[in-house]
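This report concerns only the one structure given below.
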Amino acid sequence: MKDIVALCKRRGFIFAASDIYGGINGFWDYGPLGVELKNNLRDLWWKSMVLCPPLGPKGTAYEGQPVDIVGLDSSIIQNPKAWEASGHVGGFSDPMVDDRETKLRYRADHLVAYSWNKGNAEKPVYIALQDGMEDEDKIKRLKKLGFSQELSEYTRTPFTDPSILANLDKVIGPDAKEAGTLTEPKQFNLMFHTFIGATGGEENKAYLRPETAQGIFLNFKNVVDSSRVRVPFGIAQIGKAFRNEVNPRNFIFRSREFEQMEMEWFCHPDEAKIWRDFWFEERSKFWKAIGLRSDNLRMRQHDQDELSHYAKAGLGTADIEYRFPFTAPDFGELEGIAHRCDFDLTQHQAHSKVKLEYLDPVTQQKFMPHVIEPAAGLTRGVLAMITEAFTIDPNRPSGVYLDFHPALAPKKAAILPLTAKDEHPVIATKLYMELRNDFAVDLDIKQNIGKRYARQDEIGTPYCFTIDDQTVADQTVTVRERNTMKQERIGLDHVAEYLRKNIKAI
RNA sequence: GCGGGUGUAGCUUAGUGGUAAAGCUCCAGCCUUCCAAGCUGGCUAUGAGGGUUCGAUUCCCUUCACCCGCUCCA
């Protein structure tokens, strides 16, 4: 992993954000090649979803014909009420307390401290208990710690009371053996705040979106009313999302600012399963088509207890996971396909008071569509692409090369005159000018040919076209293929066609 | 968030309480007819802040970033 991070920096894929100030935890910048790679992945996803979506599954009206998906680019900042409706504000903003000994976590406002001075007023001992416990269990717990009074004899103080927080070293946690293992309560809201307007008081508070999905639900009615779509259909969006992660880790895998590629598929509740299976299949195919090896991919159904608030009911969530170097031999999430039921539309309808039900024009049935959501991490995808491509090869000068699928490679080809003399640069420049209109190509004239091949290997350029004396004589160039280092000669006038044929992924 | 570790140039490594050294990379020039060759020249570093000291990259404190393990990931 260290080598991958180093290569990313050395060759201009990914830099630490604010590098010259020592970096900033959880943020990364995409360099000249990184942005090309990310854009390529983004464009392939967009193509596979919006421009050229798959044919529908068997057992639906869509069998054999393309499904309907339209694009969207919604604002990062929305009305804060939207995040209350979605459950992002209320659901995860409570003060939490950790127990360093047992590693358990409690809501601070659910804890109550029981104390009994035991005849020694100088040194009260507090026993924190979950307020919701049955009295019987409280007595049992207190007894276990050596306190056998009636419950009424104890002083009962809310845990969040300053007198308790100032004496945490004397508090025994609900499951701890000794006092002093509980931490100060901490706010755990993962949403970034900001303030709208130059004066910025609390009443002007707003949030940066923690997922792109909500922008789609907020525009569901607008799209239905304007775009001649009929359920089932999808709305796709790619964009940045922000989460104040407690602990960003593993390069760009978990960062605080990241990019998502999400599509919300609206369908009749009865068809949810068909579409869930369909999208799961399609999305798996996508990742394989652009170069991830199947043995590095895994499909995993979420357990009931790890489901998000929106997916508790319904068919649950299935992840497409990739074996990243830092998770290996285990896997890390790359994309989740969730059945969000009608949670979001129902919530927004209730909070906004705007009717979001759908009237099927054929059956005249009115219903709240269910949502199947394939939600992929664009930046995680980039990381998967880079780690998959990273190949050690002691038999070549660079010692390593990036085995990108040609469709993903930041540079599709390099045009290299064998020497900087004679006709070589002239022909090379002419070829470069022809190709650059259609392909991301490099022209590199300086230094010896071996160095230039090595450089292209390290940035994953799949093809190098070299101009030599024979080119001058018979108008052919050599093509060097990155992975095999093999060369063949093709006509100068066939280069564009050669590239077009070889860089197609989907 | 907890525990442990690491911070000298883009990389790999030297070294010192008193002008920070080298190889590779990179850039420029020369040379070069297929895989980082050679020659000449050049850019670039003690993570940041504070303290002790005449003087700190070196000693002390704080902080930041990264790595490993746990935790977390609505």
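In the structure tokens, the first chain shown is A, the next is B, and so on; residue numbers restart at 1 for each chain, and ligands run from 1 in the order shown.
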- Interface list for chain A, partner chain B, 9 Å threshold, only C-alpha atoms (C1' of nucleotides), as a ChimeraX atom specification: /A:2,6,9-10,21-25,87-88,91-92,98,100,103,189-190,245-247,254,308-309,396-398,418-419,447-455,466,468-469,485
Export of prior selection with N, CA and C atoms as a short mmCIF file (atom, residue, chain, number, x, y, z; two decimals), in the first residue's frame:
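Written file, again_39.cif:
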```cif
data_model
loop_
_atom_site.label_atom_id
_atom_site.label_comp_id
_atom_site.auth_asym_id
_atom_site.auth_seq_id
_atom_site.Cartn_x
_atom_site.Cartn_y
_atom_site.Cartn_z
N LYS A 2 1.94 1.20 0.76
CA LYS A 2 2.84 2.34 0.82
C LYS A 2 3.39 2.67 -0.57
N ALA A 6 2.95 6.07 -2.72
CA ALA A 6 4.14 6.78 -3.19
C ALA A 6 4.09 7.00 -4.70
N LYS A 9 1.69 9.74 -5.66
CA LYS A 9 2.23 11.09 -5.46
C LYS A 9 3.29 11.41 -6.51
N ARG A 10 4.20 10.45 -6.71
CA ARG A 10 5.34 10.68 -7.60
C ARG A 10 4.91 10.98 -9.02
N TYR A 21 1.11 22.62 3.74
CA TYR A 21 0.84 22.99 5.13
C TYR A 21 0.82 21.76 6.05
N GLY A 22 1.33 20.66 5.56
CA GLY A 22 1.36 19.46 6.39
C GLY A 22 0.15 18.56 6.18
N GLY A 23 -0.68 18.88 5.19
CA GLY A 23 -1.83 18.03 4.91
C GLY A 23 -2.99 18.35 5.82
N ILE A 24 -4.13 17.71 5.54
CA ILE A 24 -5.30 17.83 6.41
C ILE A 24 -6.01 16.49 6.36
N ASN A 25 -6.21 15.96 7.55
CA ASN A 25 -6.67 14.58 7.69
C ASN A 25 -8.03 14.35 7.01
N GLY A 87 -33.69 11.91 7.95
CA GLY A 87 -33.20 11.18 9.11
C GLY A 87 -31.74 11.42 9.40
N HIS A 88 -31.09 12.29 8.62
CA HIS A 88 -29.65 12.49 8.83
C HIS A 88 -29.36 13.43 9.99
N GLY A 91 -31.05 11.38 13.47
CA GLY A 91 -30.62 10.01 13.72
C GLY A 91 -29.27 9.85 14.35
N PHE A 92 -28.42 10.84 14.19
CA PHE A 92 -27.04 10.55 14.62
C PHE A 92 -26.39 11.77 15.23
N ASP A 98 -18.09 6.65 25.42
CA ASP A 98 -17.38 5.39 25.20
C ASP A 98 -16.87 4.85 26.52
N ARG A 100 -13.78 2.89 27.76
CA ARG A 100 -12.45 2.50 27.30
C ARG A 100 -12.14 1.05 27.63
N LYS A 103 -15.12 -1.12 25.64
CA LYS A 103 -15.27 -0.71 24.24
C LYS A 103 -16.74 -0.54 23.85
N ASN A 189 -22.39 13.84 15.31
CA ASN A 189 -23.05 14.05 14.02
C ASN A 189 -22.01 14.10 12.91
N LEU A 190 -22.24 13.25 11.92
CA LEU A 190 -21.26 13.13 10.85
C LEU A 190 -21.45 14.16 9.74
N GLU A 245 -16.18 11.98 9.12
CA GLU A 245 -15.82 10.67 9.62
C GLU A 245 -15.02 10.80 10.91
N VAL A 246 -15.32 9.93 11.86
CA VAL A 246 -14.59 9.94 13.11
C VAL A 246 -13.11 9.67 12.86
N ASN A 247 -12.86 8.79 11.93
CA ASN A 247 -11.50 8.32 11.76
C ASN A 247 -11.21 8.00 10.30
N ARG A 254 -11.52 5.98 2.96
CA ARG A 254 -12.48 6.69 3.80
C ARG A 254 -11.99 8.11 4.00
N SER A 308 -28.96 0.30 7.34
CA SER A 308 -29.20 1.72 7.57
C SER A 308 -30.65 1.93 7.96
N HIS A 309 -30.92 3.13 8.47
CA HIS A 309 -32.28 3.42 8.94
C HIS A 309 -33.31 3.26 7.83
N ARG A 396 11.30 -5.26 -15.91
CA ARG A 396 11.30 -4.06 -16.73
C ARG A 396 11.96 -2.92 -15.95
N PRO A 397 12.46 -1.93 -16.66
CA PRO A 397 13.26 -0.88 -16.02
C PRO A 397 12.52 -0.17 -14.89
N SER A 398 11.23 0.07 -15.05
CA SER A 398 10.50 0.81 -14.02
C SER A 398 10.26 -0.05 -12.80
N LEU A 418 12.06 7.91 -32.04
CA LEU A 418 13.16 7.11 -31.47
C LEU A 418 14.34 8.01 -31.08
N THR A 419 14.61 9.01 -31.91
CA THR A 419 15.63 9.99 -31.55
C THR A 419 15.06 11.38 -31.78
N GLN A 447 15.14 12.61 -24.10
CA GLN A 447 15.78 11.46 -23.44
C GLN A 447 15.64 10.15 -24.22
N ASN A 448 16.33 9.14 -23.71
CA ASN A 448 16.38 7.90 -24.50
C ASN A 448 15.08 7.13 -24.40
N ILE A 449 14.90 6.25 -25.35
CA ILE A 449 13.61 5.58 -25.53
C ILE A 449 13.24 4.72 -24.32
N GLY A 450 14.24 4.13 -23.68
CA GLY A 450 13.97 3.26 -22.53
C GLY A 450 13.35 4.02 -21.37
N LYS A 451 13.89 5.20 -21.11
CA LYS A 451 13.34 6.03 -20.05
C LYS A 451 11.90 6.40 -20.34
N ARG A 452 11.64 6.68 -21.58
CA ARG A 452 10.30 7.12 -21.93
C ARG A 452 9.30 5.96 -21.82
N TYR A 453 9.72 4.77 -22.23
CA TYR A 453 8.85 3.60 -22.04
C TYR A 453 8.56 3.39 -20.55
N ALA A 454 9.61 3.52 -19.75
CA ALA A 454 9.47 3.27 -18.30
C ALA A 454 8.47 4.25 -17.69
N ARG A 455 8.58 5.50 -18.10
CA ARG A 455 7.66 6.51 -17.58
C ARG A 455 6.22 6.17 -17.94
N THR A 466 6.16 4.27 -31.74
CA THR A 466 7.52 4.76 -31.90
C THR A 466 7.84 4.98 -33.38
N ASP A 468 10.65 5.49 -36.18
CA ASP A 468 12.08 5.25 -36.41
C ASP A 468 12.40 5.46 -37.88
N ASP A 469 13.60 5.03 -38.29
CA ASP A 469 14.02 5.24 -39.68
C ASP A 469 13.11 4.56 -40.67
N MET A 485 5.12 -5.80 -23.45
CA MET A 485 6.29 -5.11 -24.01
C MET A 485 6.60 -5.58 -25.43
#
```
- May I have all residues of region 151-195 of chain A that DSSP, computed from the backbone, assigns to alpha helix (DSSP H), given as a PyMOL selection string? chain A and resi 162-165
- Item | Asp457 (chain A) environment, 8 Å, only C-alpha atoms (C1' of nucleotides), sequence neighbours closer than 3 positions dropped, as a ChimeraX atom specification | /A:398,400-402,453-454,460-462,482
- Item | Near-Arg300 (chain A) list (9 Å; only C-alpha atoms (C1' of nucleotides); drop same-chain fewer than 4 positions) as a list in words |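 Using only C-alpha atoms (C1' of nucleotides), the neighbours found are Thr317, Ala318, Asp319, Ile320 and Glu321 of chain A.
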Write the residues you've just listed into a file as a PDB file, in the first residue's frame, and include N, CA, C and O atoms for each of them.
```pdb
ATOM      1  N   THR A 317     -29.745  -4.661   1.997  1.00  0.00           N
ATOM      2  CA  THR A 317     -28.685  -4.076   1.203  1.00  0.00           C
ATOM      3  C   THR A 317     -27.673  -5.159   0.852  1.00  0.00           C
ATOM      4  O   THR A 317     -27.337  -5.987   1.689  1.00  0.00           O
ATOM      5  N   ALA A 318     -27.234  -5.133  -0.393  1.00  0.00           N
ATOM      6  CA  ALA A 318     -26.177  -6.051  -0.808  1.00  0.00           C
ATOM      7  C   ALA A 318     -24.993  -5.225  -1.285  1.00  0.00           C
ATOM      8  O   ALA A 318     -25.160  -4.268  -2.032  1.00  0.00           O
ATOM      9  N   ASP A 319     -23.820  -5.557  -0.832  1.00  0.00           N
ATOM     10  CA  ASP A 319     -22.626  -4.805  -1.209  1.00  0.00           C
ATOM     11  C   ASP A 319     -21.837  -5.527  -2.280  1.00  0.00           C
ATOM     12  O   ASP A 319     -21.755  -6.754  -2.290  1.00  0.00           O
ATOM     13  N   ILE A 320     -21.250  -4.738  -3.163  1.00  0.00           N
ATOM     14  CA  ILE A 320     -20.191  -5.247  -4.025  1.00  0.00           C
ATOM     15  C   ILE A 320     -18.898  -4.816  -3.360  1.00  0.00           C
ATOM     16  O   ILE A 320     -18.663  -3.626  -3.156  1.00  0.00           O
ATOM     17  N   GLU A 321     -18.097  -5.772  -2.977  1.00  0.00           N
ATOM     18  CA  GLU A 321     -16.894  -5.465  -2.209  1.00  0.00           C
ATOM     19  C   GLU A 321     -15.639  -5.828  -2.994  1.00  0.00           C
ATOM     20  O   GLU A 321     -15.644  -6.750  -3.805  1.00  0.00           O
TER      21      GLU A 321
END
```
- Please provide the set of residues having any atom within 8 Å of region 215-227 of chain A, restricted to only C-alpha atoms (C1' of nucleotides), with same-chain residues fewer than 3 positions apart removed, written as a list in words.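 Those residues are Leu72, Ser74, Ser75, Gln78, Ala82, Thr212, Arg230, Ile235, Ala236, Gln237, Glu264, Asp344, Leu345, His348 and Leu356 of chain A.
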